[in-house]
Amino acid sequence: MEKFKEDMITNLYGNPHSASASSQLSSSRIEDTRVMALQFFNADPDFFDLVFVANATAGIKLVAEVFREQQACFNYGYHYESHTSLIGVRESAQSSHCWNDAEIESLVSGSEIAHKVHGLSLFGYPAQSNMNGRRFPLSWSHKIRDLAKKNGTRTYILLDASSLVSTAQLDLGNKIVAPDFTVLSFYKIFGFPDLGALILRRDSSHLFRRRKYFGGGTVDIVLCNSQPWHALKSGHPHESLEDGTLPTHSISALNTAICDYKRLYGSMDQVSRHTSFLSLRLFSKLSSLRHGNSRPVCKIYSKGFDKEIDGLMQGPIVAFNILDKNGSWISNVEFEKFAGTRKIHVRTGSLCSPASVASYLNLEPQELREIFLAGYRCGDQRDLHAGKIYSVIRVSLGAMSSLEDVDKFVSFVEEFFVDQKVNIINKKSIKNPTLVKFSVESLKIYPIKSCGGFPIPPNINWEVKPEGLAWDREWLLIHQGTGQPLSQKLYPKMALIRPRIDIQKRILVIECHGVSTCNIPEFISVPLSPNHLSCNHPIETMTRISKVCGDAIIANAYTKPEIINFFSVFLEVPCLLARFPAGGSGISSRISTAQQHKHQIGFASDQDLLCQNLSDVNIIKRPILLSNESPILMINRASVDHLNEQISSACGKQISASVFRANIVLRPEDIQSHQPYCEDKWVRLKIGSQTYQMLGSCRRCYMICIDQDTAERNEEPLVTLAKTRRFDSKVYFGCHMCHIKNDTESDRNTTPTIQVGDIVQILDADS
Ligand SMILES: *Cc1c(COP(=O)(O)O)cnc(C)c1O
């Protein structure tokens, strides 16, 4: 990057193809780099040409475009371990076939042609699977090509080298074996620039002359009007394929990257040896991990490391899933959460390798259709369904990976997922959960979802509405582009946005704390009244569609520039303050999530009871509000204290109860009542004169690691909770609850309230 900067500030690069010195500099730099890049892959520039493209996918698309535009229709074959971008070519073909190992085997051994095709064919395969690092021989190219020739047809080979090139030498030195078209992305080797290449054999490039589209730079002459006609550039193949202005500065950066890579890492072979060594170590360590009952912890899908399995070539990628001690899958969504606390970034999901993942995870097409219909989507926060897992964890090692990285990763898996000490959810020694005495220690609301809390003053009776405490999560911030709600997960600074309710003036006052407040006013305010036009503070809004927990909702966003700027400048993200009109929908999903939690944590017995109670009190029709999962969130001081003891004994940094962002903190009144996690057992409570129904334990994410005073991210309390309060690989702390309206004559006419100091009575609890 430093060399690139130096290049940029010392040289002036013009738009290529002019006579000026700056333009000439660009042109020559581009042509030098083209040759350098070919040489980097040992490709003879007389025999190959290199077309600069945006990325590997763009290279594949260019090949697909050209094949579609040949006079003859084409057949497309692709290996099942192909990347999605390679699979997509099939939609341009007249017919296509996904080849499995046995079919390929019989094809390349020449013993049988599994699928006899006529006319023009294209066969695509990866040099290395990006899912599990499995490598495929370059020699397939000429075997398949030769076989077709013998049968009087023509098959061209499209090699996807994107995954391979990052840790191995792609060697196109053998012209007989070399594929017709090779695609790759340079960022996978160098990190920068974002640029790709299509390397083509000149003797196969005649196909590209049939491409229909032309753009600036790829034609020698264009006639319009009555005689439309054009002549493509006729020099090197790339001249008629690089439409528009080339990314000159990126190409220059590539030149720098190629030179500097050699200085930093020596040769690709050296990188290859280094990464092979590391990945073998990673594989051996992960495969030897065992739970206390001696069952394996990792199911590994990268098979080539295994000495037992002969002949498989393997790149430095380990793809796997984690099993608990009973052999059930651990969700990778949870895995990533815990990895985040240790600052480990891994890739999980189906890794753009749909057919490989389906094959390794034994997923039938019908099952995949079913989960799609059930709402599962690529990039979702869900990966388990009916006991099966739909994603994998992938660890890829590169030139800059170290022994320490590998060892740290393995100890992380050991610490969090090996079941010896990690035994989870203590349902121990809670004596009689109804006999405990509690009172309300503090109350807090969060007027703007995911922003700072407003402590309710101790001497105030605060209204409890069917949808929660008054003014709690009435507003939210949404991204101006996507309409998605912002959250502290991505924008921890939201903790420093402190809204305050001014009951007298009937306004919500918002201040921002911390350093970067100099470019914004000290505070702004909006009226509390949802009906802006009828009050003294008319404020214009526009409706925006947003999504909270998968439910589409319509929010009213404030359009005043001062308001938009206030949040956008402070958070450094274009965003809008919005308000939810009362009476939306979507509660059913929230209630069901809460029920699910209760079920998961071992309360299956009262699920029916819960549903019945819910319909009794008729909260199904309750309007949506923004606290993602329940109207009111409660935590127990005794549980916080207990957790802090555990954190201290592990030499961690103690946490404040505020990280849990509860509405109600309950405090045990005497020493007998100091029972951590007794709240898990409660079913119904009375606080003051009001009755509440428990809706289940609250599932936690790494948002609880954000210090609400400083907006800093810590490891705790998630690390300790992960080891002490985990069920089905999910972490729970605190409980959801909602208010139940008593239908007696006297209660109907009074407003239900809650106050700091109110006495808590446990009406029902599970024994
Ligand atoms: C990364 C990758 C691609 C896609 O590369 P882009 O840069 O996203 O176009 C295709 N195939 C394989 C094997 C890859 O690893």
# chains A, B, ... in the order shown; residues from 1 in each chain; ligands from 1
call {"tool": "residues_around", "arguments": {"residues": "Ile251 (chain A)", "least_positions_apart": "3", "cutoff": "7 Å", "atoms": "only C-alpha atoms", "output": "PyMOL selection string"}}
result
chain A and resi 30+33+247-248+254-255
call {"tool": "write_last_selection", "arguments": {"atoms": "all heavy atoms", "output": "PDB file, in the first residue's frame"}}
result
ATOM      1  N   ILE A  30      -0.091  -0.233 -18.319  1.00  0.00           N
ATOM      2  CA  ILE A  30      -1.081  -1.302 -18.495  1.00  0.00           C
ATOM      3  C   ILE A  30      -0.458  -2.467 -19.264  1.00  0.00           C
ATOM      4  O   ILE A  30      -0.575  -3.629 -18.857  1.00  0.00           O
ATOM      5  CB  ILE A  30      -2.331  -0.769 -19.243  1.00  0.00           C
ATOM      6  CG1 ILE A  30      -3.126   0.170 -18.333  1.00  0.00           C
ATOM      7  CG2 ILE A  30      -3.226  -1.929 -19.708  1.00  0.00           C
ATOM      8  CD1 ILE A  30      -4.212   0.957 -19.041  1.00  0.00           C
ATOM      9  N   THR A  33       2.080  -4.386 -17.271  1.00  0.00           N
ATOM     10  CA  THR A  33       1.464  -5.184 -16.209  1.00  0.00           C
ATOM     11  C   THR A  33       0.808  -6.436 -16.784  1.00  0.00           C
ATOM     12  O   THR A  33       0.843  -7.503 -16.173  1.00  0.00           O
ATOM     13  CB  THR A  33       0.430  -4.337 -15.434  1.00  0.00           C
ATOM     14  OG1 THR A  33       1.046  -3.103 -15.081  1.00  0.00           O
ATOM     15  CG2 THR A  33      -0.045  -5.042 -14.185  1.00  0.00           C
ATOM     16  N   PRO A 247      -9.428   0.173 -15.586  1.00  0.00           N
ATOM     17  CA  PRO A 247      -9.118   0.730 -14.261  1.00  0.00           C
ATOM     18  C   PRO A 247      -7.608   0.950 -14.128  1.00  0.00           C
ATOM     19  O   PRO A 247      -6.901   0.150 -13.503  1.00  0.00           O
ATOM     20  CB  PRO A 247      -9.643  -0.328 -13.301  1.00  0.00           C
ATOM     21  CG  PRO A 247      -9.684  -1.595 -14.076  1.00  0.00           C
ATOM     22  CD  PRO A 247      -9.842  -1.237 -15.515  1.00  0.00           C
ATOM     23  N   THR A 248      -7.156   2.030 -14.727  1.00  0.00           N
ATOM     24  CA  THR A 248      -5.714   2.302 -14.838  1.00  0.00           C
ATOM     25  C   THR A 248      -4.987   2.231 -13.493  1.00  0.00           C
ATOM     26  O   THR A 248      -3.941   1.605 -13.362  1.00  0.00           O
ATOM     27  CB  THR A 248      -5.503   3.718 -15.415  1.00  0.00           C
ATOM     28  OG1 THR A 248      -6.341   3.851 -16.555  1.00  0.00           O
ATOM     29  CG2 THR A 248      -4.072   3.960 -15.757  1.00  0.00           C
ATOM     30  N   LEU A 254      -1.613  -3.325  -9.350  1.00  0.00           N
ATOM     31  CA  LEU A 254      -1.303  -4.738  -9.553  1.00  0.00           C
ATOM     32  C   LEU A 254       0.184  -4.910  -9.877  1.00  0.00           C
ATOM     33  O   LEU A 254       0.843  -5.822  -9.369  1.00  0.00           O
ATOM     34  CB  LEU A 254      -2.163  -5.300 -10.692  1.00  0.00           C
ATOM     35  CG  LEU A 254      -1.879  -6.754 -11.084  1.00  0.00           C
ATOM     36  CD1 LEU A 254      -2.186  -7.700  -9.927  1.00  0.00           C
ATOM     37  CD2 LEU A 254      -2.688  -7.154 -12.323  1.00  0.00           C
ATOM     38  N   ASN A 255       0.672  -4.004 -10.680  1.00  0.00           N
ATOM     39  CA  ASN A 255       2.090  -4.019 -11.016  1.00  0.00           C
ATOM     40  C   ASN A 255       2.935  -3.948  -9.733  1.00  0.00           C
ATOM     41  O   ASN A 255       3.826  -4.772  -9.501  1.00  0.00           O
ATOM     42  CB  ASN A 255       2.373  -2.809 -11.924  1.00  0.00           C
ATOM     43  CG  ASN A 255       3.748  -2.847 -12.552  1.00  0.00           C
ATOM     44  OD1 ASN A 255       4.723  -3.017 -11.832  1.00  0.00           O
ATOM     45  ND2 ASN A 255       3.822  -2.692 -13.862  1.00  0.00           N
TER      46      ASN A 255
END
call {"tool": "closest_atom_pairs", "arguments": {"of": "chain A", "to": "ligand 1", "cutoff": "7 Å", "atoms": "only C-alpha atoms and all ligand atoms", "output": "tab-separated table"}}
result
residue	atom	partner	partner_atom_place_in_ligand_line	distance
A:Asn55	CA	ligand 1	9 (O)	4.3
A:Ala56	CA	ligand 1	9 (O)	3.8
A:Thr57	CA	ligand 1	9 (O)	3.6
A:Ala58	CA	ligand 1	9 (O)	6.3
A:Ser82	CA	ligand 1	13 (C)	6.7
A:His83	CA	ligand 1	11 (N)	4.7
A:Ser85	CA	ligand 1	10 (C)	5.8
A:Leu86	CA	ligand 1	11 (N)	6.9
A:Pro126	CA	ligand 1	13 (C)	5.6
A:Gln128	CA	ligand 1	13 (C)	6.2
A:Ser129	CA	ligand 1	13 (C)	5.5
A:Asn130	CA	ligand 1	15 (O)	4.4
A:Asp160	CA	ligand 1	11 (N)	5.7
A:Ala161	CA	ligand 1	13 (C)	6.3
A:Ser162	CA	ligand 1	14 (C)	4.6
A:Ser163	CA	ligand 1	15 (O)	3.8
A:Leu184	CA	ligand 1	5 (O)	6.9
A:Ser185	CA	ligand 1	7 (O)	4.9
A:Gly196	CA	ligand 1	7 (O)	7.0
call {"tool": "select_by_dssp", "arguments": {"residues": "region 130-295 of chain A", "states": "strand (DSSP E or B)", "output": "PDB file with C-alpha atoms, in the first residue's frame"}}
result
ATOM      1  CA  ARG A 134      -9.898 -29.883  -2.750  1.00  0.00           C
ATOM      2  CA  ARG A 135      -7.672 -29.505  -5.828  1.00  0.00           C
ATOM      3  CA  ARG A 154     -15.170 -29.587 -29.798  1.00  0.00           C
ATOM      4  CA  THR A 155     -15.015 -29.005 -26.044  1.00  0.00           C
ATOM      5  CA  TYR A 156     -13.447 -25.889 -24.586  1.00  0.00           C
ATOM      6  CA  ILE A 157     -12.219 -25.780 -21.011  1.00  0.00           C
ATOM      7  CA  LEU A 158     -12.966 -22.979 -18.568  1.00  0.00           C
ATOM      8  CA  LEU A 159     -10.749 -23.251 -15.497  1.00  0.00           C
ATOM      9  CA  ASP A 160     -11.718 -21.304 -12.393  1.00  0.00           C
ATOM     10  CA  PHE A 181      -9.901 -19.959 -20.598  1.00  0.00           C
ATOM     11  CA  THR A 182      -8.673 -19.352 -17.060  1.00  0.00           C
ATOM     12  CA  VAL A 183     -10.279 -16.881 -14.668  1.00  0.00           C
ATOM     13  CA  LEU A 184      -9.086 -15.488 -11.355  1.00  0.00           C
ATOM     14  CA  SER A 185      -9.304 -12.499  -9.013  1.00  0.00           C
ATOM     15  CA  GLY A 196      -9.551  -9.940 -12.094  1.00  0.00           C
ATOM     16  CA  ALA A 197      -8.284 -11.566 -15.240  1.00  0.00           C
ATOM     17  CA  LEU A 198      -9.399 -13.822 -18.007  1.00  0.00           C
ATOM     18  CA  ILE A 199      -6.392 -15.600 -19.494  1.00  0.00           C
ATOM     19  CA  LEU A 200      -7.132 -17.081 -22.865  1.00  0.00           C
ATOM     20  CA  ARG A 201      -5.267 -19.226 -25.322  1.00  0.00           C
ATOM     21  CA  VAL A 219     -13.968  -0.912 -32.091  1.00  0.00           C
ATOM     22  CA  ASP A 220     -11.942   0.665 -34.892  1.00  0.00           C
ATOM     23  CA  ILE A 221     -14.889   2.247 -36.682  1.00  0.00           C
ATOM     24  CA  VAL A 222     -18.610   2.651 -36.095  1.00  0.00           C
ATOM     25  CA  LEU A 223     -21.163   3.818 -38.704  1.00  0.00           C
ATOM     26  CA  TRP A 229     -21.775  -1.050 -39.272  1.00  0.00           C
ATOM     27  CA  HIS A 230     -18.721  -1.443 -37.093  1.00  0.00           C
ATOM     28  CA  ALA A 231     -15.339  -3.101 -37.182  1.00  0.00           C
ATOM     29  CA  LEU A 232     -13.972  -4.622 -33.986  1.00  0.00           C
ATOM     30  CA  ARG A 290     -12.740 -34.990  21.625  1.00  0.00           C
TER      31      ARG A 290
END
call {"tool": "atom_distance", "arguments": {"atom1": "CA of Thr710 (chain A)", "atom2": "CA of Leu477 (chain A)"}}
result
19.8 Å
call {"tool": "atom_distance", "arguments": {"atom1": "CA of Glu404 (chain A)", "atom2": "CA of Arg281 (chain A)"}}
result
11.3 Å
call {"tool": "residues_around", "arguments": {"residues": "Glu679 (chain A)", "least_positions_apart": "4", "cutoff": "12 Å", "atoms": "only C-alpha atoms", "output": "PyMOL selection string"}}
result
chain A and resi 427+430+432-434+436-438+598+633-640+665-668+673-675+683-685+693-698+732-737+760-762+764-767
call {"tool": "closest_residue", "arguments": {"among": "A:Ile687, A:Glu105, A:Pro574, A:Arg500", "to": "Gln480 (chain A)", "atoms": "only C-alpha atoms"}}
result
A:Pro574
call {"tool": "atom_distance", "arguments": {"atom1": "CA of Ala386 (chain A)", "atom2": "CA of Arg699 (chain A)"}}
result
20.1 Å
call {"tool": "closest_residue", "arguments": {"among": "A:Leu443, A:Val392, A:Val318, A:Leu469", "to": "Val333 (chain A)", "atoms": "only C-alpha atoms"}}
result
A:Val392
call {"tool": "residues_around", "arguments": {"residues": "Glu91 (chain A)", "least_positions_apart": "3", "cutoff": "10 Å", "atoms": "only C-alpha atoms", "output": "number ranges by chain"}}
result
A: 64, 68, 76, 87-88, 94-96
call {"tool": "write_last_selection", "arguments": {"atoms": "C-alpha atoms", "output": "PDB file, in the first residue's frame"}}
result
ATOM      1  CA  ALA A  64     -20.667 -17.267 -21.156  1.00  0.00           C
ATOM      2  CA  ARG A  68     -24.227 -17.809 -26.110  1.00  0.00           C
ATOM      3  CA  TYR A  76     -22.264 -26.882 -20.696  1.00  0.00           C
ATOM      4  CA  ILE A  87     -22.647 -22.774 -12.228  1.00  0.00           C
ATOM      5  CA  GLY A  88     -24.522 -19.736 -13.527  1.00  0.00           C
ATOM      6  CA  GLN A  94     -28.856 -25.140 -24.438  1.00  0.00           C
ATOM      7  CA  SER A  95     -28.246 -28.056 -22.107  1.00  0.00           C
ATOM      8  CA  SER A  96     -26.125 -28.541 -19.036  1.00  0.00           C
TER       9      SER A  96
END
call {"tool": "select_by_dssp", "arguments": {"residues": "region 290-520 of chain A", "states": "alpha helix (DSSP H)", "output": "ChimeraX atom specification"}}
result
/A:332-341,354-360,365-373,403-417
call {"tool": "write_last_selection", "arguments": {"atoms": "N, CA and C atoms", "output": "compact mmCIF listing (two decimals), in the first residue's frame"}}
result
# COMPACT_ATOMS: atom_id res chain seq x y z
N ASN A 332 -23.67 -22.41 13.35
CA ASN A 332 -22.52 -21.59 13.00
C ASN A 332 -22.76 -20.11 13.25
N VAL A 333 -24.03 -19.76 13.37
CA VAL A 333 -24.34 -18.38 13.74
C VAL A 333 -23.81 -18.13 15.16
N GLU A 334 -24.04 -19.12 16.04
CA GLU A 334 -23.51 -19.01 17.40
C GLU A 334 -21.99 -19.09 17.39
N PHE A 335 -21.47 -19.97 16.56
CA PHE A 335 -20.02 -20.12 16.48
C PHE A 335 -19.36 -18.78 16.14
N GLU A 336 -19.93 -18.09 15.18
CA GLU A 336 -19.35 -16.80 14.78
C GLU A 336 -19.42 -15.76 15.88
N LYS A 337 -20.53 -15.81 16.65
CA LYS A 337 -20.67 -14.88 17.77
C LYS A 337 -19.52 -15.06 18.75
N PHE A 338 -19.28 -16.32 19.13
CA PHE A 338 -18.23 -16.58 20.11
C PHE A 338 -16.86 -16.25 19.52
N ALA A 339 -16.68 -16.57 18.24
CA ALA A 339 -15.41 -16.27 17.59
C ALA A 339 -15.15 -14.76 17.64
N GLY A 340 -16.23 -14.00 17.46
CA GLY A 340 -16.11 -12.54 17.49
C GLY A 340 -15.54 -12.03 18.81
N THR A 341 -15.91 -12.67 19.93
CA THR A 341 -15.40 -12.21 21.22
C THR A 341 -13.89 -12.43 21.31
N PRO A 354 -22.91 -24.35 -3.78
CA PRO A 354 -24.16 -25.01 -3.42
C PRO A 354 -24.13 -26.53 -3.59
N ALA A 355 -23.55 -26.99 -4.70
CA ALA A 355 -23.60 -28.44 -4.92
C ALA A 355 -22.65 -29.17 -3.99
N SER A 356 -21.48 -28.59 -3.70
CA SER A 356 -20.57 -29.25 -2.75
C SER A 356 -21.20 -29.32 -1.38
N VAL A 357 -21.75 -28.21 -0.93
CA VAL A 357 -22.32 -28.20 0.41
C VAL A 357 -23.46 -29.21 0.50
N ALA A 358 -24.31 -29.25 -0.52
CA ALA A 358 -25.41 -30.21 -0.50
C ALA A 358 -24.87 -31.63 -0.44
N SER A 359 -23.76 -31.87 -1.16
CA SER A 359 -23.22 -33.21 -1.18
C SER A 359 -22.56 -33.58 0.16
N TYR A 360 -21.75 -32.69 0.70
CA TYR A 360 -21.06 -33.02 1.97
C TYR A 360 -22.02 -33.06 3.15
N PRO A 365 -32.38 -32.17 -2.73
CA PRO A 365 -33.01 -30.99 -3.34
C PRO A 365 -34.34 -30.65 -2.69
N GLN A 366 -35.12 -31.69 -2.35
CA GLN A 366 -36.42 -31.44 -1.75
C GLN A 366 -36.28 -30.71 -0.41
N GLU A 367 -35.27 -31.12 0.37
CA GLU A 367 -35.07 -30.46 1.67
C GLU A 367 -34.68 -29.01 1.49
N LEU A 368 -33.86 -28.76 0.46
CA LEU A 368 -33.42 -27.40 0.23
C LEU A 368 -34.58 -26.51 -0.21
N ARG A 369 -35.46 -27.10 -1.03
CA ARG A 369 -36.66 -26.34 -1.42
C ARG A 369 -37.51 -26.03 -0.20
N GLU A 370 -37.62 -27.04 0.68
CA GLU A 370 -38.45 -26.85 1.88
C GLU A 370 -37.92 -25.72 2.76
N ILE A 371 -36.61 -25.71 2.99
CA ILE A 371 -36.11 -24.66 3.87
C ILE A 371 -36.20 -23.30 3.19
N PHE A 372 -36.11 -23.28 1.87
CA PHE A 372 -36.30 -22.01 1.17
C PHE A 372 -37.73 -21.52 1.40
N LEU A 373 -38.68 -22.45 1.27
CA LEU A 373 -40.09 -22.08 1.49
C LEU A 373 -40.31 -21.65 2.94
N LEU A 403 1.75 -19.69 12.67
CA LEU A 403 1.57 -20.81 13.59
C LEU A 403 0.69 -20.39 14.76
N GLU A 404 0.93 -19.16 15.23
CA GLU A 404 0.17 -18.66 16.36
C GLU A 404 -1.32 -18.56 16.01
N ASP A 405 -1.63 -18.12 14.79
CA ASP A 405 -3.04 -18.02 14.37
C ASP A 405 -3.71 -19.38 14.48
N VAL A 406 -3.02 -20.40 13.98
CA VAL A 406 -3.59 -21.74 13.98
C VAL A 406 -3.82 -22.21 15.41
N ASP A 407 -2.83 -22.03 16.25
CA ASP A 407 -2.94 -22.51 17.62
C ASP A 407 -4.02 -21.76 18.39
N LYS A 408 -4.11 -20.47 18.13
CA LYS A 408 -5.15 -19.67 18.81
C LYS A 408 -6.52 -20.15 18.40
N PHE A 409 -6.67 -20.43 17.13
CA PHE A 409 -7.98 -20.87 16.65
C PHE A 409 -8.36 -22.19 17.30
N VAL A 410 -7.40 -23.12 17.34
CA VAL A 410 -7.70 -24.42 17.93
C VAL A 410 -8.03 -24.26 19.42
N SER A 411 -7.29 -23.41 20.13
CA SER A 411 -7.62 -23.29 21.57
C SER A 411 -8.97 -22.62 21.76
N PHE A 412 -9.34 -21.74 20.83
CA PHE A 412 -10.68 -21.16 20.92
C PHE A 412 -11.75 -22.25 20.80
N VAL A 413 -11.61 -23.12 19.82
CA VAL A 413 -12.60 -24.20 19.63
C VAL A 413 -12.63 -25.08 20.88
N GLU A 414 -11.44 -25.35 21.39
CA GLU A 414 -11.34 -26.18 22.58
C GLU A 414 -12.05 -25.53 23.77
N GLU A 415 -11.76 -24.25 23.95
CA GLU A 415 -12.29 -23.54 25.11
C GLU A 415 -13.81 -23.47 25.08
N PHE A 416 -14.38 -23.23 23.89
CA PHE A 416 -15.81 -22.98 23.84
C PHE A 416 -16.65 -24.19 23.48
N PHE A 417 -16.07 -25.18 22.83
CA PHE A 417 -16.93 -26.22 22.28
C PHE A 417 -16.60 -27.64 22.74
call {"tool": "residues_around", "arguments": {"residues": "Phe208 (chain A)", "least_positions_apart": "2", "cutoff": "9 Å", "atoms": "only C-alpha atoms", "output": "PDB file with N, CA, C and O atoms, in the first residue's frame"}}
result
ATOM      1  N   VAL A  63     -17.021 -15.164 -20.921  1.00  0.00           N
ATOM      2  CA  VAL A  63     -16.969 -16.436 -21.654  1.00  0.00           C
ATOM      3  C   VAL A  63     -18.389 -16.922 -21.954  1.00  0.00           C
ATOM      4  O   VAL A  63     -18.700 -17.332 -23.083  1.00  0.00           O
ATOM      5  N   VAL A  66     -19.938 -14.981 -24.788  1.00  0.00           N
ATOM      6  CA  VAL A  66     -19.376 -15.341 -26.083  1.00  0.00           C
ATOM      7  C   VAL A  66     -19.925 -16.677 -26.573  1.00  0.00           C
ATOM      8  O   VAL A  66     -20.231 -16.842 -27.753  1.00  0.00           O
ATOM      9  N   PHE A  67     -20.079 -17.628 -25.666  1.00  0.00           N
ATOM     10  CA  PHE A  67     -20.621 -18.924 -26.078  1.00  0.00           C
ATOM     11  C   PHE A  67     -22.079 -18.815 -26.480  1.00  0.00           C
ATOM     12  O   PHE A  67     -22.533 -19.475 -27.404  1.00  0.00           O
ATOM     13  N   GLN A  70     -22.401 -17.708 -30.124  1.00  0.00           N
ATOM     14  CA  GLN A  70     -21.926 -18.503 -31.266  1.00  0.00           C
ATOM     15  C   GLN A  70     -23.134 -18.930 -32.087  1.00  0.00           C
ATOM     16  O   GLN A  70     -24.258 -18.997 -31.575  1.00  0.00           O
ATOM     17  N   SER A 204      -7.675 -20.229 -29.119  1.00  0.00           N
ATOM     18  CA  SER A 204      -9.109 -20.425 -28.895  1.00  0.00           C
ATOM     19  C   SER A 204      -9.860 -19.101 -28.963  1.00  0.00           C
ATOM     20  O   SER A 204     -11.064 -19.044 -28.718  1.00  0.00           O
ATOM     21  N   SER A 205      -9.128 -18.026 -29.270  1.00  0.00           N
ATOM     22  CA  SER A 205      -9.730 -16.699 -29.120  1.00  0.00           C
ATOM     23  C   SER A 205     -10.638 -16.301 -30.278  1.00  0.00           C
ATOM     24  O   SER A 205     -11.360 -15.310 -30.175  1.00  0.00           O
ATOM     25  N   HIS A 206     -10.616 -17.112 -31.374  1.00  0.00           N
ATOM     26  CA  HIS A 206     -11.488 -16.765 -32.506  1.00  0.00           C
ATOM     27  C   HIS A 206     -12.962 -16.716 -32.088  1.00  0.00           C
ATOM     28  O   HIS A 206     -13.743 -15.969 -32.650  1.00  0.00           O
ATOM     29  N   ARG A 210     -17.034 -13.360 -32.285  1.00  0.00           N
ATOM     30  CA  ARG A 210     -18.477 -13.380 -32.520  1.00  0.00           C
ATOM     31  C   ARG A 210     -19.255 -12.616 -31.456  1.00  0.00           C
ATOM     32  O   ARG A 210     -20.481 -12.591 -31.476  1.00  0.00           O
ATOM     33  N   ARG A 211     -18.544 -12.042 -30.533  1.00  0.00           N
ATOM     34  CA  ARG A 211     -19.242 -11.305 -29.488  1.00  0.00           C
ATOM     35  C   ARG A 211     -19.982 -10.138 -30.134  1.00  0.00           C
ATOM     36  O   ARG A 211     -19.440  -9.454 -31.003  1.00  0.00           O
ATOM     37  N   PRO A 237      -6.442 -10.206 -28.843  1.00  0.00           N
ATOM     38  CA  PRO A 237      -7.824 -10.469 -28.405  1.00  0.00           C
ATOM     39  C   PRO A 237      -8.328  -9.463 -27.357  1.00  0.00           C
ATOM     40  O   PRO A 237      -9.469  -9.013 -27.440  1.00  0.00           O
ATOM     41  N   SER A 240     -10.342  -6.180 -28.334  1.00  0.00           N
ATOM     42  CA  SER A 240     -11.763  -6.130 -28.683  1.00  0.00           C
ATOM     43  C   SER A 240     -12.650  -6.595 -27.523  1.00  0.00           C
ATOM     44  O   SER A 240     -13.848  -6.777 -27.680  1.00  0.00           O
ATOM     45  N   LEU A 241     -12.065  -6.783 -26.350  1.00  0.00           N
ATOM     46  CA  LEU A 241     -12.845  -7.309 -25.220  1.00  0.00           C
ATOM     47  C   LEU A 241     -12.886  -6.378 -24.012  1.00  0.00           C
ATOM     48  O   LEU A 241     -13.751  -6.523 -23.147  1.00  0.00           O
TER      49      LEU A 241
END
call {"tool": "closest_atom_pairs", "arguments": {"of": "region 193-243 of chain A", "to": "region 13-24 of chain A", "cutoff": "12 Å", "atoms": "only C-alpha atoms", "output": "JSON lines"}}
result
{"residue": "A:Gly216", "atom": "CA", "partner": "A:His17", "partner_atom": "CA", "distance": 11.3}
{"residue": "A:Gly217", "atom": "CA", "partner": "A:His17", "partner_atom": "CA", "distance": 8.8}
{"residue": "A:Thr218", "atom": "CA", "partner": "A:His17", "partner_atom": "CA", "distance": 11.9}
{"residue": "A:Glu239", "atom": "CA", "partner": "A:His17", "partner_atom": "CA", "distance": 11.9}
call {"tool": "write_last_selection", "arguments": {"atoms": "N, CA and C atoms", "output": "short mmCIF file (atom, residue, chain, number, x, y, z; two decimals), in the first residue's frame"}}
result
data_model
loop_
_atom_site.label_atom_id
_atom_site.label_comp_id
_atom_site.auth_asym_id
_atom_site.auth_seq_id
_atom_site.Cartn_x
_atom_site.Cartn_y
_atom_site.Cartn_z
N GLY A 216 -16.86 1.62 -26.09
CA GLY A 216 -15.74 2.53 -26.31
C GLY A 216 -14.45 1.76 -26.11
N GLY A 217 -13.54 1.84 -27.09
CA GLY A 217 -12.25 1.18 -26.92
C GLY A 217 -12.14 -0.17 -27.61
N THR A 218 -13.26 -0.79 -27.96
CA THR A 218 -13.14 -2.12 -28.56
C THR A 218 -13.45 -2.14 -30.07
N GLU A 239 -7.93 -6.47 -27.03
CA GLU A 239 -8.29 -5.15 -27.57
C GLU A 239 -9.76 -5.06 -27.94
#
call {"tool": "residues_around", "arguments": {"residues": "region 455-464 of chain A", "least_positions_apart": "6", "cutoff": "6 Å", "atoms": "only C-alpha atoms", "output": "PyMOL selection string"}}
result
chain A and resi 443-444+470+752-756
call {"tool": "residues_around", "arguments": {"residues": "Ile704 (chain A)", "least_positions_apart": "4", "cutoff": "8 Å", "atoms": "only C-alpha atoms", "output": "list in words"}}
result
Val659, Phe660, Arg700, Glu716, Pro717 and Leu718 of chain A
